[in-house]
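One structure below.
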Number of protein chains: 2
Amino acid sequence: MPNVKHFRMVDVISKKRDGASLSKEEIQYFIDGCVDGSIPDYQTSALLMAIYFQGMEDRELADFTMAMAHSGDMIDLSPINGIKVDKHSTGGVGDKTTMAVAPIVASCGVKMAKMSGRGLGHTGGTVDKLESIPGYNTVLDKESFFNQVNKIGVSVIGQSGNLAPADKKLYALRDVTGSVPSIPLIASSIMSKKLAAGADCILLDVKCGSGAFMKNVSDAVTLAQKMVAIGEHNGKRTMAYVTNMDIPLGENIGNALEVKEVVDVLNGRGPADLTLECEELSATLLMMAGKGDRPECIAMVRKAIENGEAMDKFKEMVQAQGGDISVFDNPEEFTRAAVCYEVKSDREGYISAMDTESIGIASTMLGAGRETLDSIIDPTAGITICKKTGDKVNIGDVLAKFYTSREELLSPAVKRYYEALSYSQQAPEKSKLVYAVVDKDGVTMR
Amino acid sequence: MPNVKHFRMVDVISKKRDGASLSKEEIQYFIDGCVDGSIPDYQTSALLMAIYFQGMEDRELADFTMAMAHSGDMIDLSPINGIKVDKHSTGGVGDKTTMAVAPIVASCGVKMAKMSGRGLGHTGGTVDKLESIPGYNTVLDKESFFNQVNKIGVSVIGQSGNLAPADKKLYALRDVTGSVPSIPLIASSIMSKKLAAGADCILLDVKCGSGAFMKNVSDAVTLAQKMVAIGEHNGKRTMAYVTNMDIPLGENIGNALEVKEVVDVLNGRGPADLTLECEELSATLLMMAGKGDRPECIAMVRKAIENGEAMDKFKEMVQAQGGDISVFDNPEEFTRAAVCYEVKSDREGYISAMDTESIGIASTMLGAGRETLDSIIDPTAGITICKKTGDKVNIGDVLAKFYTSREELLSPAVKRYYEALSYSQQAPEKSKLVYAVVDKDGVTMR
């Protein structure tokens, strides 16, 4: 006979309400009941609100997250030889690092079998970006996915299977009951899917600023710490970067435009901020996989870019997934949109701030993103940013180039873009790209 | 066209979660939606948990409570001439004050049209107690109720009509989602029904101690303050007593036994604690109704007891409601149970504490109370307490007399009673009967 423990949900809620930590068994009882429907939503939402106020300690949160992961498919990556790494961004504007990092680390001998998401709202998604490459197939069956990673070291596909259905259920409920902005609940939502995805090492990029969900560094660092604790408690080597999202990353927003910019990075001609962040994240993944210390790993990454191996690996991946790599030889053609419009400055001074969420929304308005889950994406729509925070501009300078297939979409997007910019007469202080790095031993502020 | 404001429940929850006060319109939207079912229970329970953590300020709580009251029948007592007073106890063991206070104040010229509740768990209810009087009818139609109060100044009946259905709904949800122990929610639950019951003046008796829901004086005073604020903000003269429930009130628990003890009080022969509390509450109601200052009102109350007018008024009420007043001439007969058992002390020393809730439960176990809503009450079952906290006892002294119709109920009840008593070798410090009196001007600690 199984050793079944009996709980009453009202006791579990009251325990958390009073600030105690829930046991592994209580957590399992809750997640099981939440998914099978035996615990009614009104009790679940009360517990979520109690967690909002009382938080969860690390062991408890790790158990909670693993129970969420186990509510659905647990992907077993053991058919792939060696250490498998994963990388996740909490979402930003112009964040195309996954597309560069995956081939860089693979070219350095570390495998990445990566399932990525689609974009929604002001943030893009890697799967949408890759699909702008003609022929690129983001839907592989498990065997082909594993075979490709075993053979060439890398594959990036769309999320498939039934990953962490408890998270879907809890997130839907949090969304309508006011418990979305709870750091432990955000951490468990992200990490439940990472744990289910099966990698050995997980590197998180917590975006922070006006274009991110986390608006201040303190909250972002706390989220990073919670996620690292969840991973490490569950036997995964886990680290997190906290990076600046008060400014778009790189100079391009939009699907084909971002692929083009990744090709620039891999060819050693990318924008400085994006290149640096790709190098940092790639080197950290190599360190986590045991390839060496930080200077060694940074050197390996730079070498892979310089000698073209990273770009070759990217092409190899694209080709393996059916994509047409000839577009990379002719990026102007690949990214050409029906309409190109130059947004010019009507003021003079320094750009002192960019409301990055608004800039992401402007790009979505041009057709580059999804406003709802079933929106259709225009692959060549988007924005090339010519002036960023800190740049001096004169009247008539081109601030950005807007690309779209439909001219009528321009005007509201341009209006939104203008409103997103603040000016000052003095050059603003230079902001950091990386705020902090978090691992199991603590936080290193940069 | 009505000026309809549109709210989203998730915004209302988030506002409260962040500690802001809800507007009257937001509160009305919530209570309406809660009662008509348009707001799902999972949102209601999340708001209740947010209120648990963030509380409600007085104006907000007053609006919340009045919206709950208006969710059902609002009783219009205007067909009754003069000022109508109401009195409410939060529930204790041996608390039979309503049965004495109602005829006392009526005999002094202040009208009480009182709807009372039934007992549940360890606490008794006035309606059950009055129904132990043969023939007493607790179900009057509105016209008869009003007529009786206009004619003789007093009537005590059972709660009828649809009072504060929002409270029923919210309480049922709180009960299963861990938000019962929220002082503002407790205050609104009680006061919504008091506001709906229509009296001009409301006197609350907040019980505090081992036999009450409020276990400490600080919480009890806070609850009293919240209830007074709710009443006063809604135009009702409201006061509250905070009284000791670490010890049963009076010497009798059980329905007929408590009626007999009320007759003793009205005949000037009641136990000191019960008599004093009945005098205090009655005099306060007279003051609230404008009959004079405190010494004058205390004198009026004592006179009404001494000259027999209070007892006459009680008989008049019982007779008007069909009860047989001859039982008061022969109380031994009226309270006689099939089985009487003397619980004797097996120890010597002072009784240092009585777990009053357990004593209430022991009485319920004898048949005097309800364990569930459909339990049948044995009117003559109960306990006469012979030794109370502070009394010196020797081995073999009678601690209490147990009354029941079924001998087999004795043994578990006796066991429970023994366990409820603590002993010491030194006489314990004498405890207070009244801890505090609260009115709109503040708290007076006694």
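Each chain in the structure tokens gets a letter, A, B and so on, in the order shown; residues start at 1 in every chain, and ligands are counted from 1 in the order they appear.
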
Can you build me a table of chain A residues sitting at most 10 Å from chain B, with the closest atom pair per residue and its distance in Å to one decimal, using only C-alpha atoms, sorted by chain and residue number, as a Markdown table?
```
| residue | atom | partner | partner_atom | distance |
| --- | --- | --- | --- | --- |
| A:Arg8 | CA | B:Val176 | CA | 9.3 |
| A:Met9 | CA | B:Val176 | CA | 7.8 |
| A:Val10 | CA | B:Val176 | CA | 5.3 |
| A:Asp11 | CA | B:Gly178 | CA | 7.4 |
| A:Val12 | CA | B:Gly178 | CA | 8.7 |
| A:Ile13 | CA | B:Gly178 | CA | 5.8 |
| A:Ser14 | CA | B:Gly178 | CA | 5.0 |
| A:Lys15 | CA | B:Gly178 | CA | 8.8 |
| A:Lys16 | CA | B:Gly178 | CA | 9.5 |
| A:Arg17 | CA | B:Gly178 | CA | 7.5 |
| A:Asp18 | CA | B:Gly178 | CA | 9.8 |
| A:Pro40 | CA | B:Tyr42 | CA | 8.3 |
| A:Asp41 | CA | B:Tyr42 | CA | 5.4 |
| A:Tyr42 | CA | B:Tyr42 | CA | 3.6 |
| A:Gln43 | CA | B:Thr177 | CA | 5.3 |
| A:Thr44 | CA | B:Tyr42 | CA | 7.6 |
| A:Ser45 | CA | B:Ala46 | CA | 5.5 |
| A:Ala46 | CA | B:Ala46 | CA | 4.8 |
| A:Leu47 | CA | B:Thr177 | CA | 7.8 |
| A:Leu48 | CA | B:Ala46 | CA | 7.9 |
| A:Met49 | CA | B:Ala46 | CA | 5.9 |
| A:Ala50 | CA | B:Met49 | CA | 6.7 |
| A:Tyr52 | CA | B:Arg17 | CA | 9.0 |
| A:Phe53 | CA | B:Phe53 | CA | 7.4 |
| A:Gln54 | CA | B:Phe53 | CA | 9.6 |
| A:Leu173 | CA | B:Tyr42 | CA | 8.0 |
| A:Arg174 | CA | B:Val10 | CA | 9.4 |
| A:Asp175 | CA | B:Val10 | CA | 7.9 |
| A:Val176 | CA | B:Val10 | CA | 5.3 |
| A:Thr177 | CA | B:Gln43 | CA | 5.3 |
| A:Gly178 | CA | B:Ser14 | CA | 5.0 |
| A:Ser179 | CA | B:Ser14 | CA | 7.9 |
| A:Val180 | CA | B:Ser14 | CA | 9.6 |
| A:Pro181 | CA | B:Ser14 | CA | 9.7 |
```

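Excluding Gly119 (chain A) itself and same-chain residues fewer than 2 positions from it, the residues having an atom within 7 Å of it are Gly117, Gly121, Thr123, Gly124, Gly125, Asp128, Gly369 and Arg370 of chain A, counting only C-alpha atoms.
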
With N, CA and C atoms retained, could you export that selection as an mmCIF file, in the first residue's frame?
```
data_model
loop_
_atom_site.group_PDB
_atom_site.id
_atom_site.type_symbol
_atom_site.label_atom_id
_atom_site.label_comp_id
_atom_site.auth_asym_id
_atom_site.auth_seq_id
_atom_site.Cartn_x
_atom_site.Cartn_y
_atom_site.Cartn_z
ATOM 1 N N GLY A 117 11.050 29.808 -27.502
ATOM 2 C CA GLY A 117 9.652 30.227 -27.583
ATOM 3 C C GLY A 117 9.418 31.223 -28.688
ATOM 4 N N GLY A 121 3.652 40.326 -27.462
ATOM 5 C CA GLY A 121 3.724 41.697 -26.973
ATOM 6 C C GLY A 121 4.969 42.377 -27.509
ATOM 7 N N THR A 123 8.105 41.813 -26.783
ATOM 8 C CA THR A 123 9.335 41.019 -26.884
ATOM 9 C C THR A 123 9.249 40.027 -28.035
ATOM 10 N N GLY A 124 10.396 39.787 -28.655
ATOM 11 C CA GLY A 124 10.458 38.821 -29.748
ATOM 12 C C GLY A 124 10.756 37.434 -29.211
ATOM 13 N N GLY A 125 10.716 36.450 -30.146
ATOM 14 C CA GLY A 125 11.031 35.084 -29.754
ATOM 15 C C GLY A 125 11.976 34.480 -30.775
ATOM 16 N N ASP A 128 10.494 32.658 -33.899
ATOM 17 C CA ASP A 128 10.013 33.564 -34.952
ATOM 18 C C ASP A 128 11.179 34.094 -35.781
ATOM 19 N N GLY A 369 5.917 41.768 -34.672
ATOM 20 C CA GLY A 369 5.609 40.956 -33.494
ATOM 21 C C GLY A 369 4.141 40.617 -33.425
ATOM 22 N N ARG A 370 3.794 39.926 -32.354
ATOM 23 C CA ARG A 370 2.431 39.478 -32.135
ATOM 24 C C ARG A 370 1.756 40.335 -31.085
#
```

So which bits of region 231-431 of chain A end up alpha helix (DSSP H) when you DSSP the backbone, as JSON, numbers by chain? {"A": [231, 232, 233, 255, 256, 257, 258, 259, 260, 261, 262, 263, 264, 265, 266, 272, 273, 274, 275, 276, 277, 278, 279, 280, 281, 282, 283, 284, 285, 286, 287, 288, 294, 295, 296, 297, 298, 299, 300, 301, 302, 303, 304, 305, 306, 309, 310, 311, 312, 313, 314, 315, 316, 317, 318, 319, 320, 331, 332, 333, 334, 356, 357, 358, 359, 360, 361, 362, 363, 410, 411, 412, 413, 414, 415, 416, 417, 418, 419, 420]}

So how far away is CA of His122 (chain A) from CA of Ile183 (chain A), in Å?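 Answer for the CA of Ile183 (chain A) to CA of His122 (chain A) separation: 20.8 Å.
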
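Every protein or nucleic acid residue with an atom no more than 12 Å from Asn216 (chain A), counting only C-alpha atoms and leaving out same-chain residues fewer than 5 positions away, appears here: Val206, Lys207, Cys208, Gly209, Ser210, Gly211, Val221, Thr222, Leu223, Val242, Thr243, Asn244, Met245, Asp246 and Tyr435 of chain A.
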
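Here CA of Gly268 (chain B) and CA of Ile104 (chain B) stand 11.9 Å from one another.
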
Region 152-168 of chain B environment, 8 Å, only C-alpha atoms, sequence neighbours closer than 3 positions dropped, as an MDAnalysis selection string: chainID B and resid 31 34:35 68:74 102:103 106:107 109:118 127 137:140 145 148:149 171:172 189 192:193 196:197 313 316:317

Give me a file of those residues, with C-alpha atoms, as a PDB file, in the first residue's frame.
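Wrote result33.pdb, looks like this:
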```pdb
ATOM      1  CA  ILE B  31     -19.963  42.909  -3.790  1.00  0.00           C
ATOM      2  CA  CYS B  34     -19.684  38.379  -5.895  1.00  0.00           C
ATOM      3  CA  VAL B  35     -23.405  37.962  -5.202  1.00  0.00           C
ATOM      4  CA  MET B  68     -22.667  43.626   2.152  1.00  0.00           C
ATOM      5  CA  ALA B  69     -25.706  44.689   4.175  1.00  0.00           C
ATOM      6  CA  HIS B  70     -27.419  46.053   1.070  1.00  0.00           C
ATOM      7  CA  SER B  71     -26.858  42.761  -0.786  1.00  0.00           C
ATOM      8  CA  GLY B  72     -30.028  41.463   0.910  1.00  0.00           C
ATOM      9  CA  ASP B  73     -33.016  42.611   2.934  1.00  0.00           C
ATOM     10  CA  MET B  74     -32.594  45.862   4.874  1.00  0.00           C
ATOM     11  CA  ALA B 102     -33.586  42.736  26.479  1.00  0.00           C
ATOM     12  CA  PRO B 103     -36.313  42.779  29.196  1.00  0.00           C
ATOM     13  CA  ALA B 106     -37.463  47.372  27.776  1.00  0.00           C
ATOM     14  CA  SER B 107     -38.624  47.749  31.384  1.00  0.00           C
ATOM     15  CA  GLY B 109     -38.424  52.294  28.336  1.00  0.00           C
ATOM     16  CA  VAL B 110     -35.925  51.439  25.575  1.00  0.00           C
ATOM     17  CA  LYS B 111     -37.119  49.191  22.802  1.00  0.00           C
ATOM     18  CA  MET B 112     -35.300  46.126  21.611  1.00  0.00           C
ATOM     19  CA  ALA B 113     -36.512  44.319  18.479  1.00  0.00           C
ATOM     20  CA  LYS B 114     -33.924  41.617  18.458  1.00  0.00           C
ATOM     21  CA  MET B 115     -33.153  38.876  15.983  1.00  0.00           C
ATOM     22  CA  SER B 116     -30.846  36.267  17.465  1.00  0.00           C
ATOM     23  CA  GLY B 117     -28.959  33.275  16.169  1.00  0.00           C
ATOM     24  CA  ARG B 118     -28.646  29.620  17.014  1.00  0.00           C
ATOM     25  CA  VAL B 127     -32.821  31.280  20.044  1.00  0.00           C
ATOM     26  CA  ASN B 137     -42.218  30.867  19.412  1.00  0.00           C
ATOM     27  CA  THR B 138     -39.059  32.301  17.829  1.00  0.00           C
ATOM     28  CA  VAL B 139     -40.672  32.685  14.407  1.00  0.00           C
ATOM     29  CA  LEU B 140     -42.845  35.794  14.140  1.00  0.00           C
ATOM     30  CA  PHE B 145     -42.756  41.354  15.631  1.00  0.00           C
ATOM     31  CA  GLN B 148     -45.150  43.271  19.971  1.00  0.00           C
ATOM     32  CA  VAL B 149     -42.226  45.666  20.295  1.00  0.00           C
ATOM     33  CA  TYR B 171     -17.782  33.559   4.786  1.00  0.00           C
ATOM     34  CA  ALA B 172     -18.178  30.212   3.016  1.00  0.00           C
ATOM     35  CA  SER B 189     -19.256  39.880   8.666  1.00  0.00           C
ATOM     36  CA  SER B 192     -23.234  43.650   7.852  1.00  0.00           C
ATOM     37  CA  LYS B 193     -26.017  41.753   9.600  1.00  0.00           C
ATOM     38  CA  ALA B 196     -29.258  45.143   7.893  1.00  0.00           C
ATOM     39  CA  ALA B 197     -31.187  44.482  11.119  1.00  0.00           C
ATOM     40  CA  LYS B 313     -41.098  42.281  31.329  1.00  0.00           C
ATOM     41  CA  GLU B 316     -44.569  39.474  29.377  1.00  0.00           C
ATOM     42  CA  MET B 317     -42.282  38.807  26.394  1.00  0.00           C
TER      43      MET B 317
END
```

Find the distance between CA of Ala400 (chain B) and CA of Gly270 (chain B) and write it in Å to one decimal. 17.4 Å

Report as a ChimeraX atom specification: the residues of region 99-291 of chain B with a DSSP assignment of strand (DSSP E or B), based on the backbone of this structure. /B:111-116,120,123,154-158,201-208,214,237-244,252-253

Contacts of Ile80 (chain B) at 8 Å (only C-alpha atoms; same-chain gap of 4+ positions) as a list in words: Lys84, Phe146, Asn147, Val149 and Asn150 of chain B

Shell of 9 Å around region 289-294 of chain A, only C-alpha atoms, local chain residues under 2 positions omitted, as a list of chain:residue names: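 Within the cut-off, the hits are A:Ile83, A:Lys84, A:Val85, A:Cys108, A:Gly109, A:Val110, A:Asp200, A:Cys201, A:Arg237, A:Ala283, A:Thr284, A:Leu285, A:Leu286, A:Met287, A:Glu296, A:Cys297, A:Ile298, A:Ala299.
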
Output N, CA and C atoms for every residue in that selection, as a PDB file, in the first residue's frame.
```
ATOM      1  N   ILE A  83      27.956  16.927 -22.003  1.00  0.00           N
ATOM      2  CA  ILE A  83      27.219  17.910 -21.210  1.00  0.00           C
ATOM      3  C   ILE A  83      26.356  18.761 -22.143  1.00  0.00           C
ATOM      4  N   LYS A  84      25.090  18.916 -21.768  1.00  0.00           N
ATOM      5  CA  LYS A  84      24.180  19.742 -22.562  1.00  0.00           C
ATOM      6  C   LYS A  84      23.895  21.039 -21.789  1.00  0.00           C
ATOM      7  N   VAL A  85      24.011  22.165 -22.474  1.00  0.00           N
ATOM      8  CA  VAL A  85      23.757  23.448 -21.802  1.00  0.00           C
ATOM      9  C   VAL A  85      22.488  24.089 -22.368  1.00  0.00           C
ATOM     10  N   CYS A 108      32.693  25.457 -30.057  1.00  0.00           N
ATOM     11  CA  CYS A 108      33.737  25.245 -29.046  1.00  0.00           C
ATOM     12  C   CYS A 108      33.573  23.890 -28.360  1.00  0.00           C
ATOM     13  N   GLY A 109      32.660  23.051 -28.866  1.00  0.00           N
ATOM     14  CA  GLY A 109      32.562  21.686 -28.362  1.00  0.00           C
ATOM     15  C   GLY A 109      31.579  21.459 -27.231  1.00  0.00           C
ATOM     16  N   VAL A 110      30.684  22.421 -26.999  1.00  0.00           N
ATOM     17  CA  VAL A 110      29.662  22.222 -25.953  1.00  0.00           C
ATOM     18  C   VAL A 110      28.291  22.179 -26.617  1.00  0.00           C
ATOM     19  N   ASP A 200      21.929  19.972 -18.559  1.00  0.00           N
ATOM     20  CA  ASP A 200      22.722  19.818 -17.337  1.00  0.00           C
ATOM     21  C   ASP A 200      23.069  21.166 -16.723  1.00  0.00           C
ATOM     22  N   CYS A 201      23.302  22.160 -17.586  1.00  0.00           N
ATOM     23  CA  CYS A 201      23.695  23.493 -17.135  1.00  0.00           C
ATOM     24  C   CYS A 201      22.707  24.510 -17.693  1.00  0.00           C
ATOM     25  N   ARG A 237      23.735  22.738 -12.682  1.00  0.00           N
ATOM     26  CA  ARG A 237      24.660  23.867 -12.588  1.00  0.00           C
ATOM     27  C   ARG A 237      23.917  25.059 -13.189  1.00  0.00           C
ATOM     28  N   ALA A 283      30.981  32.397 -23.207  1.00  0.00           N
ATOM     29  CA  ALA A 283      32.128  32.000 -22.383  1.00  0.00           C
ATOM     30  C   ALA A 283      31.654  31.403 -21.059  1.00  0.00           C
ATOM     31  N   THR A 284      30.598  31.979 -20.500  1.00  0.00           N
ATOM     32  CA  THR A 284      30.083  31.460 -19.230  1.00  0.00           C
ATOM     33  C   THR A 284      29.547  30.047 -19.413  1.00  0.00           C
ATOM     34  N   LEU A 285      28.868  29.802 -20.516  1.00  0.00           N
ATOM     35  CA  LEU A 285      28.380  28.438 -20.778  1.00  0.00           C
ATOM     36  C   LEU A 285      29.546  27.456 -20.912  1.00  0.00           C
ATOM     37  N   LEU A 286      30.614  27.896 -21.568  1.00  0.00           N
ATOM     38  CA  LEU A 286      31.787  27.022 -21.704  1.00  0.00           C
ATOM     39  C   LEU A 286      32.395  26.717 -20.332  1.00  0.00           C
ATOM     40  N   MET A 287      32.488  27.764 -19.482  1.00  0.00           N
ATOM     41  CA  MET A 287      32.989  27.563 -18.118  1.00  0.00           C
ATOM     42  C   MET A 287      32.108  26.569 -17.363  1.00  0.00           C
ATOM     43  N   GLU A 296      40.259  31.774 -20.338  1.00  0.00           N
ATOM     44  CA  GLU A 296      40.384  30.732 -21.361  1.00  0.00           C
ATOM     45  C   GLU A 296      39.122  30.647 -22.215  1.00  0.00           C
ATOM     46  N   CYS A 297      37.994  30.696 -21.548  1.00  0.00           N
ATOM     47  CA  CYS A 297      36.728  30.543 -22.276  1.00  0.00           C
ATOM     48  C   CYS A 297      36.450  31.759 -23.151  1.00  0.00           C
ATOM     49  N   ILE A 298      36.745  32.958 -22.632  1.00  0.00           N
ATOM     50  CA  ILE A 298      36.587  34.170 -23.448  1.00  0.00           C
ATOM     51  C   ILE A 298      37.468  34.057 -24.693  1.00  0.00           C
ATOM     52  N   ALA A 299      38.703  33.602 -24.508  1.00  0.00           N
ATOM     53  CA  ALA A 299      39.626  33.455 -25.643  1.00  0.00           C
ATOM     54  C   ALA A 299      39.095  32.449 -26.659  1.00  0.00           C
TER      55      ALA A 299
END
```
